[in-house]
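So this block is final.pdb, PDB, C-alpha atoms:
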ATOM      1  CA  GLY A   8       0.000   0.000   0.000
ATOM      2  CA  SER A   9       0.903   3.612  -0.209
ATOM      3  CA  THR A  10       2.039   5.808   2.643
ATOM      4  CA  VAL A  11       0.201   8.975   3.630
ATOM      5  CA  ILE A  12       2.400  11.652   5.176
ATOM      6  CA  LYS A  13       0.758  14.608   6.889
ATOM      7  CA  ALA A  14       3.113  17.533   6.873
ATOM      8  CA  HIS A  15       1.249  20.626   5.689
ATOM      9  CA  GLN A  16      -1.545  21.999   7.854
ATOM     10  CA  ALA A  17      -3.628  23.281   4.918
ATOM     11  CA  GLY A  18      -4.182  22.650   1.212
ATOM     12  CA  VAL A  19      -1.071  21.953  -0.867
ATOM     13  CA  ARG A  20      -0.824  24.279  -3.883
ATOM     14  CA  ASP A  21       2.265  23.149  -5.806
ATOM     15  CA  VAL A  22       5.177  20.687  -5.845
ATOM     16  CA  ALA A  23       8.452  20.538  -7.759
ATOM     17  CA  PHE A  24      11.044  17.785  -8.128
ATOM     18  CA  PHE A  25      14.786  18.362  -8.007
ATOM     19  CA  ALA A  26      16.458  17.451 -11.315
ATOM     20  CA  SER A  27      18.118  14.497  -9.550
ATOM     21  CA  GLY A  28      14.702  13.121  -8.604
ATOM     22  CA  ASN A  29      15.730  12.434  -5.005
ATOM     23  CA  ARG A  30      14.109  15.495  -3.407
ATOM     24  CA  MET A  31      11.137  17.771  -3.887
ATOM     25  CA  VAL A  32       9.648  20.964  -2.517
ATOM     26  CA  SER A  33       6.002  21.647  -1.733
ATOM     27  CA  CYS A  34       4.029  24.725  -0.743
ATOM     28  CA  ALA A  35       0.660  25.233   0.858
ATOM     29  CA  ASP A  36      -1.984  27.488   2.297
ATOM     30  CA  ASP A  37      -0.303  27.070   5.710
ATOM     31  CA  LYS A  38       2.199  29.718   4.444
ATOM     32  CA  THR A  39       5.099  27.235   4.326
ATOM     33  CA  VAL A  40       7.503  25.714   1.833
ATOM     34  CA  LYS A  41       8.788  22.239   2.696
ATOM     35  CA  LEU A  42      11.799  20.307   1.428
ATOM     36  CA  TRP A  43      11.369  16.517   1.198
ATOM     37  CA  CYS A  44      13.571  13.459   0.756
ATOM     38  CA  ILE A  45      11.748  11.105  -1.619
ATOM     39  CA  ALA A  46      13.490   7.897  -0.473
ATOM     40  CA  THR A  47      12.864   8.377   3.247
ATOM     41  CA  GLN A  48       9.533  10.178   2.821
ATOM     42  CA  LYS A  49      10.700  12.706   5.419
ATOM     43  CA  VAL A  50      10.501  16.478   5.606
ATOM     44  CA  LEU A  51      14.070  17.817   5.676
ATOM     45  CA  GLY A  52      13.081  21.353   6.498
ATOM     46  CA  THR A  53      10.320  23.908   6.598
ATOM     47  CA  MET A  54      10.657  27.466   5.377
ATOM     48  CA  VAL A  55       8.303  29.922   7.038
ATOM     49  CA  GLU A  56       8.432  33.536   5.883
ATOM     50  CA  HIS A  57       5.481  34.179   3.610
ATOM     51  CA  LYS A  58       2.651  36.153   5.173
ATOM     52  CA  ASN A  59      -0.101  34.492   3.134
ATOM     53  CA  TRP A  60      -0.838  31.321   1.138
ATOM     54  CA  VAL A  61       2.100  30.045  -0.902
ATOM     55  CA  LYS A  62       0.866  29.315  -4.423
ATOM     56  CA  CYS A  63       3.884  28.078  -6.375
ATOM     57  CA  VAL A  64       7.417  26.679  -6.130
ATOM     58  CA  SER A  65      10.308  26.002  -8.485
ATOM     59  CA  VAL A  66      13.814  24.530  -8.139
ATOM     60  CA  SER A  67      16.825  25.737 -10.140
ATOM     61  CA  SER A  68      18.505  23.269 -12.492
ATOM     62  CA  ASP A  69      21.616  23.144 -10.253
ATOM     63  CA  GLN A  70      19.305  22.227  -7.331
ATOM     64  CA  ARG A  71      20.807  24.886  -5.057
ATOM     65  CA  VAL A  72      18.084  27.533  -5.154
ATOM     66  CA  GLY A  73      14.340  27.292  -4.674
ATOM     67  CA  ALA A  74      11.752  29.973  -5.354
ATOM     68  CA  SER A  75       8.272  30.449  -3.986
ATOM     69  CA  GLY A  76       5.444  32.828  -4.865
ATOM     70  CA  SER A  77       2.585  33.820  -2.609
ATOM     71  CA  ASP A  78      -0.664  35.666  -2.135
ATOM     72  CA  ASP A  79       1.491  38.124  -0.144
ATOM     73  CA  LYS A  80       2.702  39.445  -3.569
ATOM     74  CA  GLN A  81       6.271  38.315  -2.893
ATOM     75  CA  VAL A  82       8.705  35.932  -4.556
ATOM     76  CA  LYS A  83      11.268  34.468  -2.176
ATOM     77  CA  LEU A  84      14.565  32.732  -2.974
ATOM     78  CA  TRP A  85      15.739  29.924  -0.676
ATOM     79  CA  ASP A  86      19.171  28.347  -0.292
ATOM     80  CA  LEU A  87      18.113  24.685  -0.440
ATOM     81  CA  SER A  88      21.339  23.536   1.228
ATOM     82  CA  ARG A  89      20.391  25.512   4.346
ATOM     83  CA  VAL A  90      16.733  24.676   4.781
ATOM     84  CA  GLY A  91      14.998  26.249   7.739
ATOM     85  CA  HIS A  92      17.114  29.354   7.528
ATOM     86  CA  LYS A  93      15.817  32.648   6.261
ATOM     87  CA  SER A  94      15.217  33.304   2.596
ATOM     88  CA  VAL A  95      18.256  34.677   0.785
ATOM     89  CA  HIS A  96      16.259  37.316  -1.098
ATOM     90  CA  THR A  97      12.731  38.638  -1.474
ATOM     91  CA  PHE A  98      11.420  40.224  -4.673
ATOM     92  CA  SER A  99       8.500  42.568  -3.959
ATOM     93  CA  ASP A 100       7.970  43.866  -7.507
ATOM     94  CA  HIS A 101       4.522  42.356  -8.114
ATOM     95  CA  LEU A 102       1.436  44.358  -7.172
ATOM     96  CA  ASP A 103      -0.873  41.382  -6.620
ATOM     97  CA  VAL A 104      -0.908  37.619  -5.953
ATOM     98  CA  VAL A 105       2.019  35.711  -7.508
ATOM     99  CA  SER A 106       0.457  32.802  -9.435
ATOM    100  CA  ASP A 107       3.513  30.981 -10.824
ATOM    101  CA  VAL A 108       7.313  30.933 -10.563
ATOM    102  CA  SER A 109       9.670  29.097 -12.888
ATOM    103  CA  PHE A 110      13.443  28.895 -13.274
ATOM    104  CA  GLY A 111      14.817  29.039 -16.798
ATOM    105  CA  PRO A 112      16.878  26.143 -18.175
ATOM    106  CA  ASP A 113      20.170  27.825 -17.139
ATOM    107  CA  GLY A 114      18.983  28.051 -13.518
ATOM    108  CA  TYR A 115      19.984  31.722 -13.216
ATOM    109  CA  ILE A 116      16.885  33.451 -14.530
ATOM    110  CA  LEU A 117      13.644  33.254 -12.577
ATOM    111  CA  ALA A 118      10.309  34.177 -14.114
ATOM    112  CA  ALA A 119       7.142  34.934 -12.164
ATOM    113  CA  CYS A 120       3.638  35.886 -13.197
ATOM    114  CA  SER A 121       0.896  37.540 -11.234
ATOM    115  CA  HIS A 122      -2.704  38.574 -10.893
ATOM    116  CA  ASP A 123      -1.367  42.086 -11.641
ATOM    117  CA  THR A 124      -1.305  40.870 -15.313
ATOM    118  CA  SER A 125       2.489  41.011 -15.568
ATOM    119  CA  ILE A 126       5.476  38.703 -16.032
ATOM    120  CA  LYS A 127       8.797  39.586 -14.421
ATOM    121  CA  LEU A 128      12.236  38.036 -14.924
ATOM    122  CA  TRP A 129      15.083  38.316 -12.423
ATOM    123  CA  ASP A 130      18.734  37.338 -12.422
ATOM    124  CA  VAL A 131      18.965  35.354  -9.166
ATOM    125  CA  ARG A 132      22.766  35.716  -8.967
ATOM    126  CA  MET A 133      22.571  39.527  -8.914
ATOM    127  CA  CYS A 134      19.052  39.676  -7.401
ATOM    128  CA  ARG A 135      17.933  42.232  -9.931
ATOM    129  CA  LEU A 136      14.973  42.688 -12.240
ATOM    130  CA  LEU A 137      15.893  42.017 -15.863
ATOM    131  CA  GLN A 138      12.595  42.303 -17.722
ATOM    132  CA  HIS A 139       8.989  43.288 -17.085
ATOM    133  CA  TYR A 140       6.109  42.498 -19.420
ATOM    134  CA  ASN A 141       2.596  43.904 -19.186
ATOM    135  CA  ALA A 142       1.494  40.529 -20.423
ATOM    136  CA  HIS A 143      -2.272  40.105 -20.476
ATOM    137  CA  THR A 144      -5.558  41.946 -19.940
ATOM    138  CA  ASP A 145      -6.421  39.580 -17.067
ATOM    139  CA  VAL A 146      -4.577  37.504 -14.446
ATOM    140  CA  VAL A 147      -1.512  35.614 -15.734
ATOM    141  CA  ARG A 148      -2.074  32.054 -14.475
ATOM    142  CA  ASN A 149       0.961  30.106 -15.661
ATOM    143  CA  ILE A 150       4.286  30.484 -17.403
ATOM    144  CA  CYS A 151       6.438  27.879 -19.115
ATOM    145  CA  TRP A 152       9.987  28.087 -20.491
ATOM    146  CA  HIS A 153      11.019  26.865 -23.924
ATOM    147  CA  PRO A 154      13.978  24.428 -23.524
ATOM    148  CA  SER A 155      16.271  26.928 -25.311
ATOM    149  CA  GLY A 156      15.561  29.577 -22.680
ATOM    150  CA  GLN A 157      14.719  32.064 -25.446
ATOM    151  CA  TYR A 158      10.934  32.021 -25.052
ATOM    152  CA  ILE A 159       8.317  31.963 -22.314
ATOM    153  CA  LEU A 160       4.704  30.951 -22.782
ATOM    154  CA  SER A 161       2.016  32.590 -20.657
ATOM    155  CA  CYS A 162      -1.688  31.905 -20.320
ATOM    156  CA  SER A 163      -4.599  33.856 -18.915
ATOM    157  CA  PRO A 164      -8.359  33.877 -18.408
ATOM    158  CA  ASP A 165      -8.327  36.574 -21.131
ATOM    159  CA  SER A 166      -8.532  33.504 -23.465
ATOM    160  CA  THR A 167      -5.017  33.895 -24.866
ATOM    161  CA  ILE A 168      -1.678  32.160 -24.821
ATOM    162  CA  LYS A 169       1.265  34.440 -25.498
ATOM    163  CA  VAL A 170       4.810  33.637 -26.603
ATOM    164  CA  TRP A 171       7.435  36.085 -25.357
ATOM    165  CA  ASP A 172      10.830  36.426 -27.080
ATOM    166  CA  LEU A 173      13.242  37.104 -24.230
ATOM    167  CA  ARG A 174      16.168  38.066 -26.449
ATOM    168  CA  SER A 175      14.252  40.846 -28.184
ATOM    169  CA  GLY A 176      12.201  41.668 -25.093
ATOM    170  CA  TYR A 177       8.928  41.694 -27.023
ATOM    171  CA  LEU A 178       5.795  39.659 -27.590
ATOM    172  CA  TYR A 179       6.547  37.139 -30.356
ATOM    173  CA  TYR A 180       2.953  36.112 -31.029
ATOM    174  CA  THR A 181      -0.472  35.536 -29.475
ATOM    175  CA  VAL A 182      -2.570  32.388 -29.747
ATOM    176  CA  SER A 183      -6.254  33.227 -29.522
ATOM    177  CA  GLY A 184      -9.395  31.294 -30.294
ATOM    178  CA  HIS A 185     -10.072  29.663 -26.947
ATOM    179  CA  LYS A 186     -13.722  30.014 -26.046
ATOM    180  CA  GLY A 187     -12.963  30.596 -22.387
ATOM    181  CA  PRO A 188     -10.188  31.097 -19.860
ATOM    182  CA  VAL A 189      -6.793  29.462 -20.440
ATOM    183  CA  ASN A 190      -5.658  28.315 -16.996
ATOM    184  CA  ALA A 191      -2.693  26.056 -17.703
TER     185      ALA A 191
END
Kindly return the structure encoded in the file as C-alpha cells.
Amino acid sequence: GSTVIKAHQAGVRDVAFFASGNRMVSCADDKTVKLWCIATQKVLGTMVEHKNWVKCVSVSSDQRVGASGSDDKQVKLWDLSRVGHKSVHTFSDHLDVVSDVSFGPDGYILAACSHDTSIKLWDVRMCRLLQHYNAHTDVVRNICWHPSGQYILSCSPDSTIKVWDLRSGYLYYTVSGHKGPVNA
C-alpha cells in the first residue's frame, strides 16, 4: 500500500522535483515551503516567511536555489542547502498575488507571473529585475519556459496564450481562439 504523510496543515498548492529526482519541494496554504527526501519520505526542512498562502514553487537546475510565490505578492529565494534558515532574497515587484514561478533552463533566470497581469524576470545571482512584461488583460495564471531559454509561454483567463521572445524583449505572437479562460 501507499504511505500517507501529513506535513502541511492546509491545502497543498504546488510541488516541484529536483532534477536528480531524489528530493522535492512543496508549498501550501499554511504559508510554508517544505523540502522533502523522496526515499525516506521525510521532511528535511520547513521554510516559514510568507505572510499568506504560498501558491507556487520552483527549483533551479543546479538544485541549489528554490523559489516560492505567494498571495502576499512576494517571490522568495531559498538556499536549499540551508533549509529552515531565512530566505536569501525577497522580490517585492509584483502588485498582486504571484500565481507561478519558474526557473529558466540555465537556472539563473527566474520568471514569475501575477494577478497584476504582468510577467517579471530576475537574475537570481545579482538579485535584480531584468525584464517586465505587461502581459495580459487579465490575471496571468501560468508560465512555461522553452527548452532553449529564449521564449516563455504565458496563459490567462483573457482567453489567450502568449509567446514572449526574451532576447528581443517583445511579444513574439499571441494564440487566440479559446472560447474561455486558459488556466494552464
How far is it from CA of Ser163 (chain A) to CA of Asn149 (chain A), in Å with one decimal?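 Pair CA of Ser163 (chain A) / CA of Asn149 (chain A) returns 7.5 Å.
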Rank nothing, just name the residue among A:Val82, A:Val72, A:Leu136, A:Ala17 nearest to Lys38 (chain A), using only C-alpha atoms. A:Ala17
If you apply the PyMOL selection byres ((chain A and resi 15) around 9) to this file, what residues do you get, as a list of chain:residue names?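 Selected by the PyMOL selection byres ((chain A and resi 15) around 9) here: A:Lys13, A:Ala14, A:Gln16, A:Ala17, A:Gly18, A:Val19, A:Ser33, A:Cys34, A:Ala35, A:Asp36, A:Asp37, A:Thr39, A:Val40, A:Lys41.
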Could you please give me, as a PyMOL selection string, the residues of protein, DNA or RNA lying at most 9 Å from (12.2, 42.8, -2.1) in the coordinate frame of the file, considering only C-alpha atoms? chain A and resi 81-83+96-100
Selected residue of minimal separation from His122 (chain A) among A:Lys62, A:His153, A:Leu87, A:Gln138, counting all atoms listed in the file: A:Lys62
Cys63 (chain A) proximity check over A:Val95, A:Ala119, A:Val50, A:Val146, using only C-alpha atoms: winner is A:Ala119
Listed atoms of region 92-103 of chain A boxed along x, y and z, 6 Å each side, centre and edge lengths in Å, one decimal, as lines of an AutoDock Vina configuration file:
center_x = 8.7
center_y = 36.9
center_z = -0.3
size_x = 31.1
size_y = 27.0
size_z = 27.6
CA of Ser125 (chain A) to CA of Ala142 (chain A): how many Å, to one decimal?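 Going from CA of Ser125 (chain A) over to CA of Ala142 (chain A), I get 5.0 Å.
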Give me, as a ChimeraX atom specification, all polymer residues having an atom no more than 10 Å from Tyr140 (chain A), counting all atoms listed in the file and skipping those fewer than 2 positions away in the same chain. /A:120,124-128,138,142-143,171,176-178
Those residues with C-alpha atoms, as an mmCIF file, keeping the file's coordinate frame please?
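For reference, result09.cif as written:
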data_model
loop_
_atom_site.group_PDB
_atom_site.id
_atom_site.type_symbol
_atom_site.label_atom_id
_atom_site.label_comp_id
_atom_site.auth_asym_id
_atom_site.auth_seq_id
_atom_site.Cartn_x
_atom_site.Cartn_y
_atom_site.Cartn_z
ATOM 1 C CA CYS A 120 3.638 35.886 -13.197
ATOM 2 C CA THR A 124 -1.305 40.870 -15.313
ATOM 3 C CA SER A 125 2.489 41.011 -15.568
ATOM 4 C CA ILE A 126 5.476 38.703 -16.032
ATOM 5 C CA LYS A 127 8.797 39.586 -14.421
ATOM 6 C CA LEU A 128 12.236 38.036 -14.924
ATOM 7 C CA GLN A 138 12.595 42.303 -17.722
ATOM 8 C CA ALA A 142 1.494 40.529 -20.423
ATOM 9 C CA HIS A 143 -2.272 40.105 -20.476
ATOM 10 C CA TRP A 171 7.435 36.085 -25.357
ATOM 11 C CA GLY A 176 12.201 41.668 -25.093
ATOM 12 C CA TYR A 177 8.928 41.694 -27.023
ATOM 13 C CA LEU A 178 5.795 39.659 -27.590
#
I'd like to know which of A:Ser155, A:Ser106, A:Ser27, A:Thr144 is closest to Ile168 (chain A), using all atoms listed in the file.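 Result for the nearest residue to Ile168 (chain A): A:Thr144.
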Work out how far CA of Tyr115 (chain A) is from CA of Met133 (chain A), in Å to one decimal.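 Distance between the two atoms: 9.3 Å.
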Among the residues A:Gly76, A:Pro154, A:Gly28, A:Gly184, the one that comes closest to Trp43 (chain A) [using only C-alpha atoms]: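 Checking each candidate against Trp43 (chain A), we get A:Gly28 as the closest.
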Result set of the PyMOL selection byres ((chain A and resi 51) around 12) on the coordinates above, as a list in words: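 Output of the PyMOL selection byres ((chain A and resi 51) around 12): Ala14, Arg30, Met31, Val32, Ser33, Val40, Lys41, Leu42, Trp43, Cys44, Ile45, Ala46, Thr47, Gln48, Lys49, Val50, Gly52, Thr53, Met54, Leu87, Ser88, Arg89, Val90 and Gly91 of chain A.
Among the candidate residues A:Arg20, A:His57, A:Lys169, A:His139, the one lying nearest to Ser94 (chain A) is A:His57, with distances computed using only C-alpha atoms.
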Could you write out as a list of chain:residue names the residues that the PyMOL selection byres ((chain A and resi 158) around 8) matches in the shown file? A:Trp152, A:His153, A:Ser155, A:Gly156, A:Gln157, A:Ile159, A:Leu160, A:Val170, A:Trp171, A:Asp172, A:Leu173
File output, region 127-141 of chain A (all heavy atoms) as a compact mmCIF listing (two decimals), in the first residue's frame:
# COMPACT_ATOMS: atom_id res chain seq x y z
N LYS A 127 7.52 38.96 -14.76
CA LYS A 127 8.80 39.59 -14.42
C LYS A 127 9.88 38.52 -14.45
O LYS A 127 9.64 37.37 -14.10
CB LYS A 127 8.73 40.23 -13.04
CG LYS A 127 7.68 41.35 -12.99
CD LYS A 127 7.72 42.11 -11.71
CE LYS A 127 6.61 43.11 -11.58
NZ LYS A 127 6.57 44.15 -12.56
N LEU A 128 11.08 38.92 -14.89
CA LEU A 128 12.24 38.04 -14.92
C LEU A 128 13.36 38.66 -14.12
O LEU A 128 13.66 39.85 -14.30
CB LEU A 128 12.72 37.80 -16.35
CG LEU A 128 11.93 36.80 -17.18
CD1 LEU A 128 10.68 37.44 -17.73
CD2 LEU A 128 12.78 36.28 -18.30
N TRP A 129 13.97 37.85 -13.26
CA TRP A 129 15.08 38.32 -12.42
C TRP A 129 16.31 37.45 -12.64
O TRP A 129 16.21 36.25 -12.87
CB TRP A 129 14.74 38.22 -10.94
CG TRP A 129 13.63 39.10 -10.48
CD1 TRP A 129 13.70 40.42 -10.13
CD2 TRP A 129 12.27 38.71 -10.27
NE1 TRP A 129 12.47 40.86 -9.72
CE2 TRP A 129 11.58 39.84 -9.80
CE3 TRP A 129 11.57 37.51 -10.45
CZ2 TRP A 129 10.21 39.81 -9.50
CZ3 TRP A 129 10.21 37.49 -10.14
CH2 TRP A 129 9.55 38.63 -9.67
N ASP A 130 17.47 38.06 -12.51
CA ASP A 130 18.73 37.34 -12.42
C ASP A 130 18.91 37.01 -10.94
O ASP A 130 19.05 37.93 -10.12
CB ASP A 130 19.88 38.22 -12.93
CG ASP A 130 21.23 37.53 -12.88
OD1 ASP A 130 21.48 36.74 -11.95
OD2 ASP A 130 22.06 37.80 -13.76
N VAL A 131 18.90 35.72 -10.59
CA VAL A 131 18.97 35.35 -9.17
C VAL A 131 20.38 35.47 -8.60
O VAL A 131 20.55 35.52 -7.39
CB VAL A 131 18.38 33.94 -8.91
CG1 VAL A 131 16.92 33.88 -9.29
CG2 VAL A 131 19.17 32.85 -9.60
N ARG A 132 21.39 35.52 -9.46
CA ARG A 132 22.77 35.72 -8.97
C ARG A 132 22.97 37.14 -8.49
O ARG A 132 23.62 37.38 -7.48
CB ARG A 132 23.79 35.39 -10.06
CG ARG A 132 23.77 33.95 -10.51
CD ARG A 132 24.55 33.77 -11.78
NE ARG A 132 23.91 34.57 -12.84
CZ ARG A 132 24.27 34.58 -14.11
NH1 ARG A 132 25.30 33.86 -14.50
NH2 ARG A 132 23.63 35.30 -14.99
N MET A 133 22.42 38.10 -9.23
CA MET A 133 22.57 39.53 -8.91
C MET A 133 21.36 40.07 -8.15
O MET A 133 21.39 41.21 -7.69
CB MET A 133 22.74 40.34 -10.20
CG MET A 133 23.88 39.85 -11.09
SD MET A 133 25.49 39.93 -10.31
CE MET A 133 25.74 41.67 -10.29
N CYS A 134 20.31 39.27 -8.06
CA CYS A 134 19.05 39.68 -7.40
C CYS A 134 18.52 40.99 -7.97
O CYS A 134 18.21 41.94 -7.25
CB CYS A 134 19.22 39.77 -5.89
SG CYS A 134 19.49 38.16 -5.15
N ARG A 135 18.44 41.02 -9.30
CA ARG A 135 17.93 42.23 -9.93
C ARG A 135 16.94 41.91 -11.04
O ARG A 135 17.04 40.88 -11.70
CB ARG A 135 19.05 43.11 -10.45
CG ARG A 135 19.79 42.57 -11.64
CD ARG A 135 20.89 43.56 -12.06
NE ARG A 135 21.56 43.06 -13.25
CZ ARG A 135 21.25 43.43 -14.49
NH1 ARG A 135 20.33 44.33 -14.71
NH2 ARG A 135 21.90 42.91 -15.53
N LEU A 136 15.99 42.82 -11.21
CA LEU A 136 14.97 42.69 -12.24
C LEU A 136 15.61 42.89 -13.61
O LEU A 136 16.32 43.86 -13.83
CB LEU A 136 13.87 43.72 -12.01
CG LEU A 136 12.68 43.68 -12.97
CD1 LEU A 136 11.87 42.40 -12.78
CD2 LEU A 136 11.78 44.89 -12.73
N LEU A 137 15.36 41.93 -14.50
CA LEU A 137 15.89 42.02 -15.86
C LEU A 137 14.85 42.52 -16.86
O LEU A 137 15.14 43.34 -17.72
CB LEU A 137 16.38 40.65 -16.33
CG LEU A 137 17.54 40.03 -15.58
CD1 LEU A 137 17.81 38.63 -16.11
CD2 LEU A 137 18.78 40.90 -15.74
N GLN A 138 13.64 41.96 -16.77
CA GLN A 138 12.60 42.30 -17.72
C GLN A 138 11.25 42.33 -17.03
O GLN A 138 11.01 41.58 -16.08
CB GLN A 138 12.55 41.30 -18.88
CG GLN A 138 13.77 41.38 -19.77
CD GLN A 138 13.75 40.33 -20.87
OE1 GLN A 138 13.30 39.21 -20.68
NE2 GLN A 138 14.26 40.70 -22.04
N HIS A 139 10.37 43.18 -17.57
CA HIS A 139 8.99 43.29 -17.09
C HIS A 139 8.09 43.33 -18.31
O HIS A 139 8.36 44.10 -19.23
CB HIS A 139 8.82 44.57 -16.27
CG HIS A 139 7.40 44.92 -16.00
ND1 HIS A 139 6.75 44.53 -14.86
CD2 HIS A 139 6.49 45.60 -16.74
CE1 HIS A 139 5.50 44.96 -14.91
NE2 HIS A 139 5.33 45.61 -16.03
N TYR A 140 7.08 42.51 -18.31
CA TYR A 140 6.11 42.50 -19.42
C TYR A 140 4.72 42.76 -18.87
O TYR A 140 4.28 42.09 -17.94
CB TYR A 140 6.09 41.13 -20.12
CG TYR A 140 7.40 40.76 -20.77
CD1 TYR A 140 8.29 39.91 -20.13
CD2 TYR A 140 7.74 41.25 -22.02
CE1 TYR A 140 9.49 39.56 -20.72
CE2 TYR A 140 8.94 40.91 -22.62
CZ TYR A 140 9.81 40.07 -21.96
OH TYR A 140 11.01 39.72 -22.54
N ASN A 141 4.03 43.74 -19.43
CA ASN A 141 2.60 43.90 -19.19
C ASN A 141 1.93 42.89 -20.10
O ASN A 141 1.69 43.17 -21.27
CB ASN A 141 2.14 45.33 -19.49
CG ASN A 141 2.73 46.31 -18.50
OD1 ASN A 141 2.74 46.06 -17.30
ND2 ASN A 141 3.26 47.42 -19.00
